[in-house]
Amino acid sequence: MPKGVLYVESRPSSPDREQDYNTWYDEVHLGELLALDGFVSARRLSPVVADEGPYVAFYEIEGDDLQAIMDNMLASADQLHLSDALQLDPPPLMRLLQVTTER
């Protein structure tokens, strides 16, 4: 079964909303995405030095058709609860990657 990673870069909508952003991401968003078919785990990372880059999330996905899993997530977007603490302009950067080697 193919495995992949959905790589996402995002930021809080403003510095004073960083705590709201992290609370929403950890307590709402991760659970909603992990409830979707094909999503098996998630990991978030933050910049070591404040204001030196975006937050990054890695979602591990598995399924016969990785693009279909991504398409299903995008089609389910109206069911996901977004927060105004998430910066949408510019929107989060998302890349779907397929695992080619594991050790």
# chains A, B, ... in the order shown; residues from 1 in each chain; ligands from 1
>>> residues_around(residues="A:Lys3", least_positions_apart="2", cutoff="7 Å", atoms="only C-alpha atoms", output="VMD selection string")
chain A and resid 1 61 to 63 98 to 99
>>> write_last_selection(atoms="C-alpha atoms", output="JSON list (two decimals), in the first residue's frame")
[["chain", "number", "residue", "atom", "x", "y", "z"],
["A", 1, "MET", "CA", 0.00, 0.00, 0.00],
["A", 61, "ILE", "CA", -1.07, 9.04, 4.79],
["A", 62, "GLU", "CA", -1.59, 5.53, 3.45],
["A", 63, "GLY", "CA", -3.88, 4.23, 0.75],
["A", 98, "GLN", "CA", 5.10, 9.84, -1.89],
["A", 99, "VAL", "CA", 7.46, 7.72, 0.20]]
>>> closest_atom_pairs(of="stretch 15-50 of chain A", to="stretch 74-95 of chain A", cutoff="7 Å", atoms="only C-alpha atoms", output="Markdown table")
| residue | atom | partner | partner_atom | distance |
| --- | --- | --- | --- | --- |
| A:Arg17 | CA | A:Ala85 | CA | 5.6 |
| A:Asp20 | CA | A:Ala85 | CA | 6.1 |
| A:Tyr21 | CA | A:Ala85 | CA | 4.9 |
| A:Trp24 | CA | A:Ser83 | CA | 6.9 |
| A:Glu32 | CA | A:Leu80 | CA | 6.7 |
>>> closest_residue(among="A:Gly38, A:Val48, A:Val8, A:His29", to="A:Gln67", atoms="only C-alpha atoms")
A:Gly38
>>> closest_residue(among="A:Leu96, A:Ser46, A:Glu52, A:Val28", to="A:Ala68", atoms="only C-alpha atoms")
A:Leu96
>>> closest_residue(among="A:Ser10, A:Thr100, A:Pro2, A:Glu60", to="A:Pro47", atoms="only C-alpha atoms")
A:Ser10
>>> select_by_dssp(residues="chain A", states="strand (DSSP E)", output="ChimeraX atom specification")
/A:3-10,39-45,55-62,93-98
>>> write_last_selection(atoms="N, CA, C and O atoms", output="tab-separated table (two decimals), in the first residue's frame")
chain	number	residue	atom	x	y	z
A	3	LYS	N	2.50	4.81	0.63
A	3	LYS	CA	2.55	5.72	1.77
A	3	LYS	C	3.00	7.08	1.27
A	3	LYS	O	3.77	7.18	0.32
A	4	GLY	N	2.52	8.11	1.95
A	4	GLY	CA	2.91	9.45	1.57
A	4	GLY	C	2.92	10.38	2.76
A	4	GLY	O	2.58	10.00	3.88
A	5	VAL	N	3.32	11.60	2.49
A	5	VAL	CA	3.33	12.66	3.50
A	5	VAL	C	2.69	13.89	2.88
A	5	VAL	O	3.03	14.27	1.75
A	6	LEU	N	1.78	14.47	3.60
A	6	LEU	CA	1.26	15.78	3.24
A	6	LEU	C	2.05	16.78	4.08
A	6	LEU	O	2.01	16.74	5.31
A	7	TYR	N	2.82	17.62	3.41
A	7	TYR	CA	3.67	18.63	4.04
A	7	TYR	C	2.93	19.96	3.97
A	7	TYR	O	2.48	20.36	2.90
A	8	VAL	N	2.77	20.62	5.13
A	8	VAL	CA	2.02	21.87	5.18
A	8	VAL	C	2.81	22.92	5.95
A	8	VAL	O	3.26	22.66	7.07
A	9	GLU	N	2.98	24.10	5.35
A	9	GLU	CA	3.55	25.26	6.03
A	9	GLU	C	2.42	26.24	6.30
A	9	GLU	O	1.67	26.58	5.39
A	10	SER	N	2.32	26.70	7.54
A	10	SER	CA	1.29	27.69	7.88
A	10	SER	C	1.81	28.62	8.97
A	10	SER	O	2.83	28.35	9.60
A	39	PHE	N	-5.52	9.22	6.53
A	39	PHE	CA	-4.61	9.94	7.42
A	39	PHE	C	-4.32	9.07	8.63
A	39	PHE	O	-5.24	8.65	9.33
A	40	VAL	N	-3.03	8.78	8.87
A	40	VAL	CA	-2.69	7.84	9.95
A	40	VAL	C	-1.93	8.48	11.11
A	40	VAL	O	-1.97	7.96	12.22
A	41	SER	N	-1.24	9.59	10.88
A	41	SER	CA	-0.56	10.25	11.98
A	41	SER	C	-0.21	11.68	11.58
A	41	SER	O	-0.27	12.03	10.40
A	42	ALA	N	0.16	12.47	12.58
A	42	ALA	CA	0.52	13.87	12.32
A	42	ALA	C	1.64	14.28	13.27
A	42	ALA	O	1.73	13.78	14.39
A	43	ARG	N	2.45	15.21	12.78
A	43	ARG	CA	3.52	15.78	13.60
A	43	ARG	C	3.63	17.24	13.22
A	43	ARG	O	3.63	17.60	12.06
A	44	ARG	N	3.71	18.10	14.24
A	44	ARG	CA	3.88	19.53	14.00
A	44	ARG	C	5.24	19.98	14.49
A	44	ARG	O	5.74	19.46	15.49
A	45	LEU	N	5.79	20.97	13.81
A	45	LEU	CA	7.07	21.55	14.21
A	45	LEU	C	6.94	23.06	14.21
A	45	LEU	O	6.20	23.62	13.41
A	55	TYR	N	5.30	27.51	10.78
A	55	TYR	CA	5.09	26.22	11.43
A	55	TYR	C	4.98	25.20	10.31
A	55	TYR	O	4.54	25.51	9.21
A	56	VAL	N	5.37	23.96	10.59
A	56	VAL	CA	5.30	22.90	9.59
A	56	VAL	C	4.55	21.72	10.20
A	56	VAL	O	4.75	21.37	11.36
A	57	ALA	N	3.68	21.11	9.40
A	57	ALA	CA	2.99	19.90	9.81
A	57	ALA	C	3.27	18.81	8.77
A	57	ALA	O	3.31	19.09	7.57
A	58	PHE	N	3.50	17.60	9.26
A	58	PHE	CA	3.65	16.43	8.42
A	58	PHE	C	2.51	15.48	8.76
A	58	PHE	O	2.36	15.07	9.91
A	59	TYR	N	1.71	15.15	7.77
A	59	TYR	CA	0.63	14.18	7.94
A	59	TYR	C	1.01	12.93	7.16
A	59	TYR	O	1.23	12.98	5.95
A	60	GLU	N	1.14	11.80	7.86
A	60	GLU	CA	1.42	10.55	7.18
A	60	GLU	C	0.11	9.99	6.67
A	60	GLU	O	-0.89	9.95	7.40
A	61	ILE	N	0.12	9.59	5.39
A	61	ILE	CA	-1.07	9.04	4.79
A	61	ILE	C	-0.74	7.70	4.15
A	61	ILE	O	0.41	7.45	3.76
A	62	GLU	N	-1.74	6.83	4.08
A	62	GLU	CA	-1.59	5.53	3.45
A	62	GLU	C	-2.87	5.21	2.72
A	62	GLU	O	-3.97	5.45	3.22
A	93	LEU	N	0.94	26.59	2.51
A	93	LEU	CA	1.57	25.85	1.42
A	93	LEU	C	1.40	24.36	1.70
A	93	LEU	O	1.75	23.90	2.79
A	94	MET	N	0.88	23.61	0.74
A	94	MET	CA	0.70	22.17	0.90
A	94	MET	C	1.39	21.44	-0.25
A	94	MET	O	1.27	21.86	-1.40
A	95	ARG	N	2.09	20.34	0.09
A	95	ARG	CA	2.71	19.49	-0.91
A	95	ARG	C	2.45	18.04	-0.54
A	95	ARG	O	2.68	17.65	0.60
A	96	LEU	N	2.00	17.26	-1.49
A	96	LEU	CA	1.80	15.83	-1.31
A	96	LEU	C	3.02	15.10	-1.85
A	96	LEU	O	3.39	15.29	-3.02
A	97	LEU	N	3.64	14.31	-1.00
A	97	LEU	CA	4.86	13.59	-1.36
A	97	LEU	C	4.65	12.09	-1.15
A	97	LEU	O	4.02	11.69	-0.17
A	98	GLN	N	5.20	11.29	-2.03
A	98	GLN	CA	5.10	9.84	-1.89
A	98	GLN	C	6.39	9.30	-1.31
A	98	GLN	O	7.49	9.71	-1.72
>>> select_by_dssp(residues="chain A", states="alpha helix (DSSP H)", output="list in words")
Glu18, Gln19, Asp20, Tyr21, Asn22, Thr23, Trp24, Leu30, Gly31, Glu32, Leu33, Leu34, Leu66, Gln67, Ala68, Ile69, Met70, Asp71, Asn72, Met73, Leu74 and Ala75 of chain A
>>> write_last_selection(atoms="C-alpha atoms", output="PDB file, in the first residue's frame")
ATOM      1  CA  GLU A  18      -0.121  32.597  18.045  1.00  0.00           C
ATOM      2  CA  GLN A  19      -1.538  30.885  21.146  1.00  0.00           C
ATOM      3  CA  ASP A  20      -5.031  30.760  19.598  1.00  0.00           C
ATOM      4  CA  TYR A  21      -3.517  29.317  16.413  1.00  0.00           C
ATOM      5  CA  ASN A  22      -1.641  26.583  18.295  1.00  0.00           C
ATOM      6  CA  THR A  23      -4.653  25.709  20.454  1.00  0.00           C
ATOM      7  CA  TRP A  24      -6.926  25.442  17.401  1.00  0.00           C
ATOM      8  CA  LEU A  30      -5.313  17.698  13.842  1.00  0.00           C
ATOM      9  CA  GLY A  31      -8.216  15.576  15.089  1.00  0.00           C
ATOM     10  CA  GLU A  32     -10.416  16.539  12.152  1.00  0.00           C
ATOM     11  CA  LEU A  33      -7.769  15.605   9.603  1.00  0.00           C
ATOM     12  CA  LEU A  34      -6.823  12.370  11.355  1.00  0.00           C
ATOM     13  CA  LEU A  66      -2.609   9.057  -2.395  1.00  0.00           C
ATOM     14  CA  GLN A  67      -3.995  11.768  -4.684  1.00  0.00           C
ATOM     15  CA  ALA A  68      -7.549  10.555  -3.952  1.00  0.00           C
ATOM     16  CA  ILE A  69      -6.849  10.938  -0.217  1.00  0.00           C
ATOM     17  CA  MET A  70      -5.702  14.508  -0.832  1.00  0.00           C
ATOM     18  CA  ASP A  71      -8.694  15.202  -3.076  1.00  0.00           C
ATOM     19  CA  ASN A  72     -11.042  13.859  -0.389  1.00  0.00           C
ATOM     20  CA  MET A  73      -9.451  16.176   2.179  1.00  0.00           C
ATOM     21  CA  LEU A  74      -9.922  19.172  -0.120  1.00  0.00           C
ATOM     22  CA  ALA A  75     -13.531  18.133  -0.858  1.00  0.00           C
TER      23      ALA A  75
END
>>> atom_distance(atom1="atom CA of A:Asp37", atom2="atom CA of A:Thr101")
23.0 Å
>>> atom_distance(atom1="atom CA of A:Asp51", atom2="atom CA of A:Tyr25")
18.0 Å
